[in-house]
Structures are given as structure tokens and as C-alpha cells.
file upload.txt (compact mmCIF, N, CA and C atoms)
# COMPACT_ATOMS: atom_id res chain seq x y z
N MET F 1 -17.99 -9.74 15.98
CA MET F 1 -16.58 -9.91 15.67
C MET F 1 -15.77 -9.41 16.86
N SER F 2 -14.77 -10.18 17.26
CA SER F 2 -13.96 -9.78 18.40
C SER F 2 -13.03 -8.65 18.02
N THR F 3 -12.50 -7.99 19.03
CA THR F 3 -11.56 -6.89 18.79
C THR F 3 -10.33 -7.40 18.05
N PHE F 4 -9.87 -8.62 18.39
CA PHE F 4 -8.71 -9.18 17.71
C PHE F 4 -8.98 -9.36 16.22
N GLU F 5 -10.15 -9.90 15.86
CA GLU F 5 -10.48 -10.10 14.44
C GLU F 5 -10.59 -8.77 13.71
N GLU F 6 -11.18 -7.77 14.38
CA GLU F 6 -11.28 -6.46 13.77
C GLU F 6 -9.88 -5.91 13.51
N ASP F 7 -8.97 -6.09 14.48
CA ASP F 7 -7.60 -5.63 14.34
C ASP F 7 -6.89 -6.37 13.22
N GLU F 8 -7.14 -7.68 13.09
CA GLU F 8 -6.53 -8.49 12.05
C GLU F 8 -6.91 -8.02 10.65
N ASN F 9 -8.12 -7.52 10.49
CA ASN F 9 -8.60 -7.08 9.18
C ASN F 9 -8.40 -5.59 8.94
N TYR F 10 -7.89 -4.89 9.93
CA TYR F 10 -7.78 -3.43 9.83
C TYR F 10 -6.97 -3.00 8.61
N LEU F 11 -5.77 -3.54 8.46
CA LEU F 11 -4.89 -3.12 7.37
C LEU F 11 -5.52 -3.43 6.01
N LYS F 12 -6.07 -4.62 5.85
CA LYS F 12 -6.72 -4.99 4.60
C LYS F 12 -7.86 -4.02 4.28
N ASN F 13 -8.67 -3.71 5.28
CA ASN F 13 -9.80 -2.80 5.08
C ASN F 13 -9.32 -1.38 4.80
N LYS F 14 -8.28 -0.95 5.46
CA LYS F 14 -7.77 0.41 5.27
C LYS F 14 -7.19 0.57 3.86
N LEU F 15 -6.51 -0.45 3.36
CA LEU F 15 -5.96 -0.37 2.00
C LEU F 15 -7.06 -0.36 0.94
N ALA F 16 -8.25 -0.81 1.31
CA ALA F 16 -9.37 -0.82 0.37
C ALA F 16 -10.20 0.46 0.44
N SER F 17 -9.79 1.42 1.31
CA SER F 17 -10.62 2.62 1.49
C SER F 17 -9.82 3.92 1.62
N PRO F 18 -8.87 4.15 0.72
CA PRO F 18 -8.13 5.42 0.78
C PRO F 18 -8.94 6.56 0.17
N CYS F 19 -8.45 7.78 0.37
CA CYS F 19 -9.09 8.97 -0.23
C CYS F 19 -8.43 9.35 -1.55
N GLY F 20 -7.23 8.84 -1.78
CA GLY F 20 -6.50 9.13 -3.01
C GLY F 20 -5.38 8.12 -3.18
N LEU F 21 -4.85 8.07 -4.39
CA LEU F 21 -3.79 7.12 -4.71
C LEU F 21 -2.72 7.82 -5.54
N LYS F 22 -1.48 7.75 -5.07
CA LYS F 22 -0.34 8.24 -5.84
C LYS F 22 0.41 7.02 -6.36
N VAL F 23 0.78 7.09 -7.63
CA VAL F 23 1.57 6.02 -8.23
C VAL F 23 2.90 6.64 -8.66
N TYR F 24 3.98 6.02 -8.25
CA TYR F 24 5.32 6.47 -8.60
C TYR F 24 5.94 5.45 -9.53
N ASP F 25 6.45 5.93 -10.66
CA ASP F 25 7.09 5.06 -11.63
C ASP F 25 8.44 5.67 -11.97
N ASP F 26 9.50 5.03 -11.48
CA ASP F 26 10.86 5.55 -11.66
C ASP F 26 10.95 7.02 -11.29
N GLY F 27 10.31 7.38 -10.18
CA GLY F 27 10.38 8.73 -9.65
C GLY F 27 9.32 9.68 -10.16
N ASN F 28 8.61 9.32 -11.24
CA ASN F 28 7.54 10.16 -11.76
C ASN F 28 6.26 9.85 -11.00
N GLU F 29 5.55 10.90 -10.59
CA GLU F 29 4.37 10.74 -9.74
C GLU F 29 3.08 11.09 -10.49
N LEU F 30 2.07 10.22 -10.33
CA LEU F 30 0.72 10.49 -10.84
C LEU F 30 -0.24 10.35 -9.68
N PHE F 31 -1.26 11.20 -9.64
CA PHE F 31 -2.27 11.14 -8.58
C PHE F 31 -3.62 10.77 -9.18
N PHE F 32 -4.30 9.83 -8.53
CA PHE F 32 -5.64 9.43 -8.94
C PHE F 32 -6.58 9.74 -7.79
N ALA F 33 -7.58 10.57 -8.05
CA ALA F 33 -8.52 11.01 -7.03
C ALA F 33 -9.55 9.94 -6.72
N PHE F 34 -10.03 9.96 -5.50
CA PHE F 34 -11.12 9.08 -5.07
C PHE F 34 -12.27 9.17 -6.06
N GLY F 35 -12.76 8.01 -6.48
CA GLY F 35 -13.91 7.98 -7.39
C GLY F 35 -13.56 8.03 -8.86
N SER F 36 -12.30 8.32 -9.21
CA SER F 36 -11.93 8.31 -10.63
C SER F 36 -11.88 6.85 -11.09
N PRO F 37 -12.09 6.59 -12.38
CA PRO F 37 -12.05 5.20 -12.88
C PRO F 37 -10.71 4.51 -12.58
N GLU F 38 -9.62 5.26 -12.69
CA GLU F 38 -8.28 4.69 -12.43
C GLU F 38 -8.15 4.29 -10.95
N PHE F 39 -8.59 5.19 -10.08
CA PHE F 39 -8.56 4.92 -8.64
C PHE F 39 -9.37 3.67 -8.32
N ASP F 40 -10.61 3.65 -8.81
CA ASP F 40 -11.51 2.53 -8.52
C ASP F 40 -10.93 1.21 -9.00
N LYS F 41 -10.33 1.21 -10.18
CA LYS F 41 -9.76 -0.02 -10.74
C LYS F 41 -8.58 -0.50 -9.89
N ALA F 42 -7.66 0.39 -9.56
CA ALA F 42 -6.48 0.00 -8.78
C ALA F 42 -6.87 -0.52 -7.40
N VAL F 43 -7.77 0.16 -6.73
CA VAL F 43 -8.19 -0.26 -5.39
C VAL F 43 -8.92 -1.60 -5.46
N ALA F 44 -9.75 -1.81 -6.47
CA ALA F 44 -10.47 -3.08 -6.62
C ALA F 44 -9.51 -4.24 -6.85
N VAL F 45 -8.48 -4.02 -7.66
CA VAL F 45 -7.51 -5.09 -7.93
C VAL F 45 -6.74 -5.43 -6.67
N LEU F 46 -6.29 -4.41 -5.91
CA LEU F 46 -5.55 -4.70 -4.68
C LEU F 46 -6.46 -5.39 -3.67
N LYS F 47 -7.71 -4.97 -3.59
CA LYS F 47 -8.66 -5.61 -2.67
C LYS F 47 -8.78 -7.10 -3.01
N ASN F 48 -8.86 -7.43 -4.29
CA ASN F 48 -8.95 -8.81 -4.72
C ASN F 48 -7.68 -9.59 -4.38
N ILE F 49 -6.53 -8.98 -4.62
CA ILE F 49 -5.26 -9.63 -4.31
C ILE F 49 -5.12 -9.88 -2.81
N ASN F 50 -5.62 -8.93 -2.00
CA ASN F 50 -5.51 -9.05 -0.54
C ASN F 50 -6.48 -10.06 0.07
N GLU F 51 -7.49 -10.47 -0.71
CA GLU F 51 -8.48 -11.40 -0.18
C GLU F 51 -7.79 -12.69 0.30
N TYR F 52 -8.15 -13.11 1.48
CA TYR F 52 -7.63 -14.31 2.15
C TYR F 52 -6.17 -14.17 2.58
N GLY F 53 -5.60 -12.99 2.42
CA GLY F 53 -4.26 -12.75 2.94
C GLY F 53 -4.35 -12.36 4.40
N TYR F 54 -3.22 -12.04 4.99
CA TYR F 54 -3.22 -11.71 6.41
C TYR F 54 -2.00 -10.86 6.76
N GLU F 55 -2.20 -10.05 7.76
CA GLU F 55 -1.11 -9.23 8.29
C GLU F 55 -0.21 -10.10 9.15
N MET F 56 1.08 -9.85 9.05
CA MET F 56 2.05 -10.58 9.85
C MET F 56 2.93 -9.58 10.59
N PRO F 57 3.59 -10.03 11.65
CA PRO F 57 4.53 -9.13 12.32
C PRO F 57 5.60 -8.67 11.33
N ALA F 58 5.87 -7.39 11.34
CA ALA F 58 6.87 -6.84 10.41
C ALA F 58 8.17 -6.58 11.16
N LEU F 59 9.25 -6.91 10.52
CA LEU F 59 10.57 -6.65 11.10
C LEU F 59 11.19 -5.38 10.53
N GLY F 60 10.58 -4.85 9.46
CA GLY F 60 11.16 -3.72 8.76
C GLY F 60 10.95 -2.39 9.45
N VAL F 61 11.89 -1.51 9.19
CA VAL F 61 11.83 -0.12 9.66
C VAL F 61 12.18 0.77 8.47
N SER F 62 11.42 1.82 8.31
CA SER F 62 11.67 2.76 7.22
C SER F 62 12.46 3.96 7.72
N LEU F 63 13.41 4.37 6.92
CA LEU F 63 14.16 5.60 7.16
C LEU F 63 13.80 6.54 6.01
N ASP F 64 13.31 7.72 6.35
CA ASP F 64 12.77 8.64 5.35
C ASP F 64 13.70 8.86 4.16
N SER F 65 14.94 9.21 4.41
CA SER F 65 15.85 9.54 3.31
C SER F 65 16.10 8.33 2.41
N LEU F 66 16.23 7.14 3.00
CA LEU F 66 16.46 5.94 2.19
C LEU F 66 15.20 5.56 1.40
N THR F 67 14.04 5.70 2.01
CA THR F 67 12.79 5.37 1.32
C THR F 67 12.60 6.30 0.14
N LYS F 68 12.81 7.58 0.34
CA LYS F 68 12.64 8.54 -0.77
C LYS F 68 13.64 8.29 -1.88
N GLU F 69 14.83 7.87 -1.54
CA GLU F 69 15.83 7.52 -2.55
C GLU F 69 15.36 6.30 -3.35
N GLU F 70 14.85 5.29 -2.64
CA GLU F 70 14.36 4.07 -3.31
C GLU F 70 13.19 4.37 -4.24
N MET F 71 12.35 5.34 -3.86
CA MET F 71 11.16 5.67 -4.65
C MET F 71 11.51 6.27 -6.01
N ARG F 72 12.76 6.57 -6.24
CA ARG F 72 13.19 7.12 -7.54
C ARG F 72 13.28 6.04 -8.61
N SER F 73 13.16 4.78 -8.19
CA SER F 73 13.18 3.70 -9.20
C SER F 73 12.11 2.68 -8.85
N GLY F 74 11.61 2.06 -9.89
CA GLY F 74 10.59 1.04 -9.70
C GLY F 74 9.18 1.59 -9.60
N LEU F 75 8.27 0.71 -9.29
CA LEU F 75 6.85 1.02 -9.22
C LEU F 75 6.39 1.02 -7.77
N TRP F 76 5.73 2.10 -7.37
CA TRP F 76 5.26 2.28 -5.99
C TRP F 76 3.82 2.77 -6.02
N ALA F 77 3.07 2.41 -4.99
CA ALA F 77 1.70 2.91 -4.82
C ALA F 77 1.58 3.47 -3.41
N GLU F 78 1.03 4.67 -3.30
CA GLU F 78 0.84 5.28 -1.99
C GLU F 78 -0.64 5.58 -1.79
N PHE F 79 -1.20 5.01 -0.75
CA PHE F 79 -2.61 5.18 -0.41
C PHE F 79 -2.72 6.34 0.57
N ILE F 80 -3.49 7.36 0.20
CA ILE F 80 -3.58 8.61 0.95
C ILE F 80 -4.89 8.62 1.75
N TYR F 81 -4.80 9.09 3.00
CA TYR F 81 -5.96 9.19 3.88
C TYR F 81 -6.17 10.64 4.28
N ASP F 82 -7.41 10.98 4.61
CA ASP F 82 -7.73 12.38 4.89
C ASP F 82 -7.46 12.80 6.33
N ARG F 83 -7.00 11.86 7.15
CA ARG F 83 -6.64 12.20 8.53
C ARG F 83 -5.62 11.18 9.01
N VAL F 84 -5.01 11.48 10.12
CA VAL F 84 -4.04 10.55 10.70
C VAL F 84 -4.80 9.38 11.31
N GLU F 85 -4.45 8.18 10.88
CA GLU F 85 -5.03 6.94 11.39
C GLU F 85 -4.01 6.31 12.35
N GLU F 86 -4.43 5.29 13.07
CA GLU F 86 -3.50 4.58 13.93
C GLU F 86 -3.85 3.10 13.95
N HIS F 87 -2.83 2.28 13.81
CA HIS F 87 -2.99 0.82 13.84
C HIS F 87 -1.83 0.24 14.63
N ARG F 88 -2.15 -0.60 15.58
CA ARG F 88 -1.14 -1.23 16.44
C ARG F 88 -0.23 -0.19 17.10
N GLY F 89 -0.84 0.95 17.44
CA GLY F 89 -0.11 2.01 18.13
C GLY F 89 0.80 2.83 17.22
N MET F 90 0.67 2.65 15.89
CA MET F 90 1.54 3.36 14.95
C MET F 90 0.69 4.26 14.04
N PRO F 91 0.94 5.58 14.07
CA PRO F 91 0.14 6.51 13.26
C PRO F 91 0.60 6.55 11.80
N PHE F 92 -0.34 6.92 10.92
CA PHE F 92 -0.03 7.11 9.51
C PHE F 92 -1.13 7.94 8.86
N ASP F 93 -0.74 8.69 7.82
CA ASP F 93 -1.75 9.35 6.97
C ASP F 93 -1.60 8.90 5.52
N SER F 94 -0.65 7.99 5.30
CA SER F 94 -0.51 7.32 4.00
C SER F 94 0.18 5.98 4.22
N LEU F 95 -0.04 5.07 3.28
CA LEU F 95 0.64 3.77 3.29
C LEU F 95 1.28 3.58 1.92
N LEU F 96 2.58 3.36 1.91
CA LEU F 96 3.37 3.27 0.69
C LEU F 96 3.81 1.82 0.47
N ILE F 97 3.61 1.33 -0.76
CA ILE F 97 3.94 -0.04 -1.10
C ILE F 97 4.86 -0.07 -2.31
N LYS F 98 5.96 -0.79 -2.21
CA LYS F 98 6.81 -1.08 -3.36
C LYS F 98 6.16 -2.25 -4.09
N VAL F 99 5.84 -2.06 -5.37
CA VAL F 99 5.08 -3.06 -6.12
C VAL F 99 6.03 -3.86 -7.01
N ASN F 100 6.30 -5.08 -6.59
CA ASN F 100 7.10 -6.03 -7.36
C ASN F 100 6.18 -7.16 -7.79
N ALA F 101 6.06 -7.39 -9.08
CA ALA F 101 5.08 -8.33 -9.63
C ALA F 101 5.16 -9.72 -9.01
N GLY F 102 6.35 -10.24 -8.77
CA GLY F 102 6.49 -11.60 -8.27
C GLY F 102 6.38 -11.77 -6.78
N ASP F 103 6.24 -10.68 -6.03
CA ASP F 103 6.20 -10.78 -4.57
C ASP F 103 4.90 -11.40 -4.08
N CYS F 104 5.00 -12.14 -2.99
CA CYS F 104 3.85 -12.81 -2.37
C CYS F 104 3.37 -12.06 -1.14
N GLY F 105 3.84 -10.86 -0.97
CA GLY F 105 3.47 -10.01 0.16
C GLY F 105 4.18 -8.68 -0.01
N TYR F 106 3.92 -7.76 0.93
CA TYR F 106 4.54 -6.45 0.81
C TYR F 106 4.59 -5.74 2.16
N ASN F 107 5.57 -4.85 2.27
CA ASN F 107 5.62 -3.92 3.39
C ASN F 107 4.74 -2.74 3.06
N ALA F 108 3.96 -2.31 4.03
CA ALA F 108 3.19 -1.07 3.92
C ALA F 108 3.91 -0.06 4.81
N VAL F 109 4.62 0.86 4.16
CA VAL F 109 5.43 1.85 4.86
C VAL F 109 4.52 2.98 5.31
N ARG F 110 4.59 3.30 6.58
CA ARG F 110 3.74 4.35 7.13
C ARG F 110 4.30 5.74 6.80
N GLY F 111 3.44 6.57 6.25
CA GLY F 111 3.78 7.96 6.02
C GLY F 111 3.03 8.83 7.01
N VAL F 112 3.71 9.82 7.56
CA VAL F 112 3.07 10.80 8.45
C VAL F 112 3.65 12.16 8.10
N GLY F 113 2.78 13.06 7.62
CA GLY F 113 3.24 14.40 7.30
C GLY F 113 4.31 14.45 6.23
N GLY F 114 4.26 13.51 5.28
CA GLY F 114 5.23 13.51 4.18
C GLY F 114 6.55 12.82 4.50
N LYS F 115 6.68 12.22 5.68
CA LYS F 115 7.90 11.49 6.06
C LYS F 115 7.58 10.02 6.26
N TYR F 116 8.56 9.19 5.95
CA TYR F 116 8.41 7.73 6.05
C TYR F 116 9.42 7.18 7.05
N ASP F 117 9.15 7.38 8.32
CA ASP F 117 10.05 6.94 9.37
C ASP F 117 9.36 5.96 10.31
N GLY F 118 10.09 4.94 10.72
CA GLY F 118 9.58 4.04 11.75
C GLY F 118 9.18 2.68 11.22
N ARG F 119 8.56 1.93 12.11
CA ARG F 119 8.15 0.56 11.79
C ARG F 119 7.15 0.53 10.64
N VAL F 120 7.14 -0.58 9.92
CA VAL F 120 6.22 -0.78 8.80
C VAL F 120 5.25 -1.90 9.16
N PHE F 121 4.21 -2.06 8.35
CA PHE F 121 3.31 -3.20 8.45
C PHE F 121 3.71 -4.19 7.36
N TYR F 122 3.43 -5.46 7.56
CA TYR F 122 3.68 -6.45 6.51
C TYR F 122 2.39 -7.21 6.24
N TYR F 123 2.05 -7.36 4.95
CA TYR F 123 0.86 -8.09 4.55
C TYR F 123 1.28 -9.24 3.65
N SER F 124 0.88 -10.45 4.04
CA SER F 124 1.19 -11.66 3.27
C SER F 124 -0.03 -12.05 2.45
N LEU F 125 0.16 -12.27 1.17
CA LEU F 125 -0.94 -12.67 0.30
C LEU F 125 -1.25 -14.15 0.51
N ALA F 126 -2.46 -14.53 0.13
CA ALA F 126 -2.86 -15.93 0.24
C ALA F 126 -1.96 -16.79 -0.65
N LYS F 127 -1.86 -18.06 -0.29
CA LYS F 127 -1.01 -19.00 -1.04
C LYS F 127 -1.36 -18.95 -2.52
N GLY F 128 -0.33 -18.81 -3.34
CA GLY F 128 -0.50 -18.81 -4.79
C GLY F 128 -0.73 -17.43 -5.40
N LYS F 129 -0.97 -16.42 -4.56
CA LYS F 129 -1.19 -15.07 -5.09
C LYS F 129 0.12 -14.29 -5.09
N THR F 130 0.23 -13.39 -6.07
CA THR F 130 1.38 -12.48 -6.14
C THR F 130 0.86 -11.07 -6.43
N MET F 131 1.77 -10.13 -6.47
CA MET F 131 1.44 -8.74 -6.77
C MET F 131 1.32 -8.48 -8.27
N ARG F 132 1.44 -9.52 -9.10
CA ARG F 132 1.46 -9.35 -10.56
C ARG F 132 0.24 -8.58 -11.08
N GLY F 133 -0.94 -8.93 -10.67
CA GLY F 133 -2.14 -8.26 -11.15
C GLY F 133 -2.17 -6.78 -10.80
N PHE F 134 -1.71 -6.44 -9.61
CA PHE F 134 -1.67 -5.05 -9.19
C PHE F 134 -0.61 -4.28 -9.99
N ALA F 135 0.55 -4.91 -10.17
CA ALA F 135 1.62 -4.28 -10.96
C ALA F 135 1.15 -4.04 -12.40
N GLU F 136 0.50 -5.01 -12.99
CA GLU F 136 0.00 -4.86 -14.37
C GLU F 136 -1.08 -3.78 -14.45
N THR F 137 -1.93 -3.71 -13.45
CA THR F 137 -2.98 -2.68 -13.43
C THR F 137 -2.37 -1.30 -13.35
N LEU F 138 -1.41 -1.11 -12.44
CA LEU F 138 -0.77 0.20 -12.32
C LEU F 138 -0.02 0.56 -13.60
N SER F 139 0.68 -0.39 -14.18
CA SER F 139 1.40 -0.13 -15.44
C SER F 139 0.42 0.27 -16.54
N GLY F 140 -0.73 -0.38 -16.59
CA GLY F 140 -1.76 -0.03 -17.56
C GLY F 140 -2.27 1.39 -17.36
N LEU F 141 -2.45 1.79 -16.10
CA LEU F 141 -2.91 3.15 -15.81
C LEU F 141 -1.87 4.18 -16.23
N LEU F 142 -0.61 3.75 -16.23
CA LEU F 142 0.49 4.63 -16.64
C LEU F 142 0.72 4.61 -18.14
N GLY F 143 -0.07 3.80 -18.86
CA GLY F 143 0.06 3.73 -20.30
C GLY F 143 1.20 2.86 -20.78
N LYS F 144 1.62 1.92 -19.96
CA LYS F 144 2.74 1.03 -20.33
C LYS F 144 2.23 -0.30 -20.81
call {"tool": "encode", "arguments": {"input": "upload.txt", "output": "C-alpha cells"}}
result
Amino acid sequence: MSTFEEDENYLKNKLASPCGLKVYDDGNELFFAFGSPEFDKAVAVLKNINEYGYEMPALGVSLDSLTKEEMRSGLWAEFIYDRVEEHRGMPFDSLLIKVNAGDCGYNAVRGVGGKYDGRVFYYSLAKGKTMRGFAETLSGLLGK
């Protein structure tokens, strides 16, 4: 596999291999540890949704205070890593996703040391796929 292909799959692979998962629902936070049934289910569903999707150039930029304000409403998933990673020259120790059921892609907001500042990654789902299955899975884990 060429370096370019490895780079193209990096984000998809990284989202399939976190150490922990935080789910935010209207500002309320739940943590699912690596290996728990809830963690395994959520990661498996996102991995399936991401299949045949692709990373695209992102135009978005995150501002910490605005991102944290937005996280007080709606459904969010944050993928936690045990060390600082780097992709396309941008470091992160977590990736935060706003989960909207009808969306055909999502911004992965980079977290570093508890702050969400700087450029984001964008992942486009394959034609015909949406975030609905992931949103329903997270809602189910939350007992909704």
C-alpha cells in the first residue's frame, strides 16, 4: 500500500480504534470504556457507516469556546486516544463528532488537552449512507 493510500485510510482507521468513547446528549456526558459492550457496539456501527467513505479537504475551523457551547445541545461522540496522534500535520488526542441522523458526512473536530481549536477533518460517507444508524445506536445506549 502506498503512503498516500495509508494516509487516505488513516482517519477511518483511527475512528475504528479509540481507547474510550464519550457521548454527550444535550450537555450530559457518558463515558464508555474500551472493551465494554456499549463501546464495542458504537465503534462497530461507525466502522460500518464509514465503509467505502472517504476523507475530504475540510474548510472548517473549531474555536474552543464555541465548540463547547454547541456541545450543550444535541448528540455528540468523542473518540478518546491514549496519546497525542498526528494526521496531515495536525495533532489530536480526541476526535469529536456532532451526530446528526440525516447527515451524509461529518466534521471530526480535533481535541488536544481538552481544547478544540484549529482545523478539523471532514469525512464523507459513501453514496446513500447517513449518520442515522450511529445516531440511533448512541440514543439506544443512552436509553432513549
call {"tool": "residues_near_point", "arguments": {"input": "upload.txt", "point": "(-3.8, 6.8, 7.9)", "cutoff": "6 Å", "atoms": "only N, CA and C atoms", "output": "list in words"}}
result
Tyr81, Arg83, Val84, Glu85, Glu86, Pro91, Phe92, Asp93 and Ser94 of chain F
call {"tool": "closest_atom_pairs", "arguments": {"input": "upload.txt", "of": "stretch 34-140 of chain F", "to": "stretch 6-22 of chain F", "cutoff": "6 Å", "atoms": "all atoms listed in the file", "output": "Markdown table"}}
result
| residue | atom | partner | partner_atom | distance |
| --- | --- | --- | --- | --- |
| F:Phe34 | N | F:Cys19 | C | 4.3 |
| F:Val43 | C | F:Ala16 | CA | 5.9 |
| F:Lys47 | CA | F:Ala16 | CA | 5.7 |
| F:Glu55 | N | F:Glu8 | C | 5.9 |
| F:Trp76 | C | F:Lys22 | C | 5.5 |
| F:Ala77 | CA | F:Lys22 | C | 4.6 |
| F:Glu78 | N | F:Lys22 | C | 3.9 |
| F:Phe79 | CA | F:Leu21 | CA | 4.9 |
| F:Ile80 | C | F:Cys19 | N | 3.9 |
| F:Tyr81 | CA | F:Cys19 | N | 4.5 |
| F:Asp82 | N | F:Cys19 | N | 5.4 |
call {"tool": "write_last_selection", "arguments": {"input": "upload.txt", "atoms": "N, CA and C atoms", "output": "compact mmCIF listing (two decimals), in the coordinates of the input"}}
result
# COMPACT_ATOMS: atom_id res chain seq x y z
N PHE F 34 -10.03 9.96 -5.50
CA PHE F 34 -11.12 9.08 -5.07
C PHE F 34 -12.27 9.17 -6.06
N VAL F 43 -7.77 0.16 -6.73
CA VAL F 43 -8.19 -0.26 -5.39
C VAL F 43 -8.92 -1.60 -5.46
N LYS F 47 -7.71 -4.97 -3.59
CA LYS F 47 -8.66 -5.61 -2.67
C LYS F 47 -8.78 -7.10 -3.01
N GLU F 55 -2.20 -10.05 7.76
CA GLU F 55 -1.11 -9.23 8.29
C GLU F 55 -0.21 -10.10 9.15
N TRP F 76 5.73 2.10 -7.37
CA TRP F 76 5.26 2.28 -5.99
C TRP F 76 3.82 2.77 -6.02
N ALA F 77 3.07 2.41 -4.99
CA ALA F 77 1.70 2.91 -4.82
C ALA F 77 1.58 3.47 -3.41
N GLU F 78 1.03 4.67 -3.30
CA GLU F 78 0.84 5.28 -1.99
C GLU F 78 -0.64 5.58 -1.79
N PHE F 79 -1.20 5.01 -0.75
CA PHE F 79 -2.61 5.18 -0.41
C PHE F 79 -2.72 6.34 0.57
N ILE F 80 -3.49 7.36 0.20
CA ILE F 80 -3.58 8.61 0.95
C ILE F 80 -4.89 8.62 1.75
N TYR F 81 -4.80 9.09 3.00
CA TYR F 81 -5.96 9.19 3.88
C TYR F 81 -6.17 10.64 4.28
N ASP F 82 -7.41 10.98 4.61
CA ASP F 82 -7.73 12.38 4.89
C ASP F 82 -7.46 12.80 6.33
call {"tool": "closest_residue", "arguments": {"input": "upload.txt", "among": "F:Arg132, F:Lys144, F:Asp103, F:Thr137", "to": "F:Asp40", "atoms": "only C-alpha atoms"}}
result
F:Thr137
call {"tool": "atom_distance", "arguments": {"input": "upload.txt", "atom1": "atom CA of F:Phe31", "atom2": "atom CA of F:Ala101"}}
result
20.8 Å
call {"tool": "residues_around", "arguments": {"input": "upload.txt", "residues": "stretch 59-75 of chain F", "least_positions_apart": "5", "cutoff": "10 Å", "atoms": "only C-alpha atoms", "output": "VMD selection string"}}
result
chain F and resid 23 to 29 96 to 101 107 to 111 114 to 122 135 138 to 139
call {"tool": "select_by_dssp", "arguments": {"input": "upload.txt", "residues": "stretch 61-116 of chain F", "states": "alpha helix (DSSP H)", "output": "list in words"}}
result
Asp64, Ser65, Leu66, Thr67, Lys68, Glu69 and Glu70 of chain F
call {"tool": "select_by_dssp", "arguments": {"input": "upload.txt", "residues": "stretch 11-142 of chain F", "states": "strand (DSSP E or B)", "output": "VMD selection string"}}
result
chain F and resid 20 to 25 28 to 33 54 to 56 61 to 62 75 to 87 90 to 98 105 to 112 115 118 to 119 121 to 124
call {"tool": "atom_distance", "arguments": {"input": "upload.txt", "atom1": "atom N of F:Lys127", "atom2": "atom CA of F:Ala44"}}
result
18.4 Å
call {"tool": "closest_residue", "arguments": {"input": "upload.txt", "among": "F:Leu95, F:Cys104, F:Val112, F:Met90", "to": "F:Met131", "atoms": "only N, CA and C atoms"}}
result
F:Cys104
call {"tool": "atom_distance", "arguments": {"input": "upload.txt", "atom1": "atom N of F:Pro37", "atom2": "atom N of F:Leu141"}}
result
11.4 Å
call {"tool": "decode", "arguments": {"input": "upload.txt", "residues": "stretch 101-133 of chain F", "atoms": "C-alpha atoms", "output": "short mmCIF file (atom, residue, chain, number, x, y, z; two decimals), in the first residue's frame"}}
result
data_model
loop_
_atom_site.label_atom_id
_atom_site.label_comp_id
_atom_site.auth_asym_id
_atom_site.auth_seq_id
_atom_site.Cartn_x
_atom_site.Cartn_y
_atom_site.Cartn_z
CA ALA F 101 -29.01 11.43 11.80
CA GLY F 102 -29.60 12.79 8.28
CA ASP F 103 -26.04 13.92 7.59
CA CYS F 104 -24.04 12.25 4.81
CA GLY F 105 -20.71 13.15 6.39
CA TYR F 106 -19.23 14.83 9.42
CA ASN F 107 -16.51 17.07 10.76
CA ALA F 108 -14.09 15.37 13.12
CA VAL F 109 -13.05 18.15 15.48
CA ARG F 110 -9.55 17.71 16.86
CA GLY F 111 -9.18 17.82 20.62
CA VAL F 112 -5.80 18.38 22.26
CA GLY F 113 -5.50 18.60 26.03
CA GLY F 114 -9.23 19.24 26.47
CA LYS F 115 -9.37 22.11 23.93
CA TYR F 116 -10.97 22.09 20.49
CA ASP F 117 -9.05 24.68 18.49
CA GLY F 118 -7.93 24.69 14.88
CA ARG F 119 -8.65 22.94 11.64
CA VAL F 120 -10.97 19.93 11.54
CA PHE F 121 -11.08 16.79 9.38
CA TYR F 122 -14.07 16.03 7.17
CA TYR F 123 -15.29 12.52 6.38
CA SER F 124 -17.83 11.91 3.60
CA LEU F 125 -19.93 8.77 3.79
CA ALA F 126 -20.47 6.54 0.78
CA LYS F 127 -23.38 7.41 -1.50
CA GLY F 128 -26.70 6.59 0.15
CA LYS F 129 -25.31 6.33 3.70
CA THR F 130 -26.20 8.68 6.54
CA MET F 131 -25.37 9.00 10.23
CA ARG F 132 -28.83 7.61 11.15
CA GLY F 133 -27.59 4.21 12.32
#
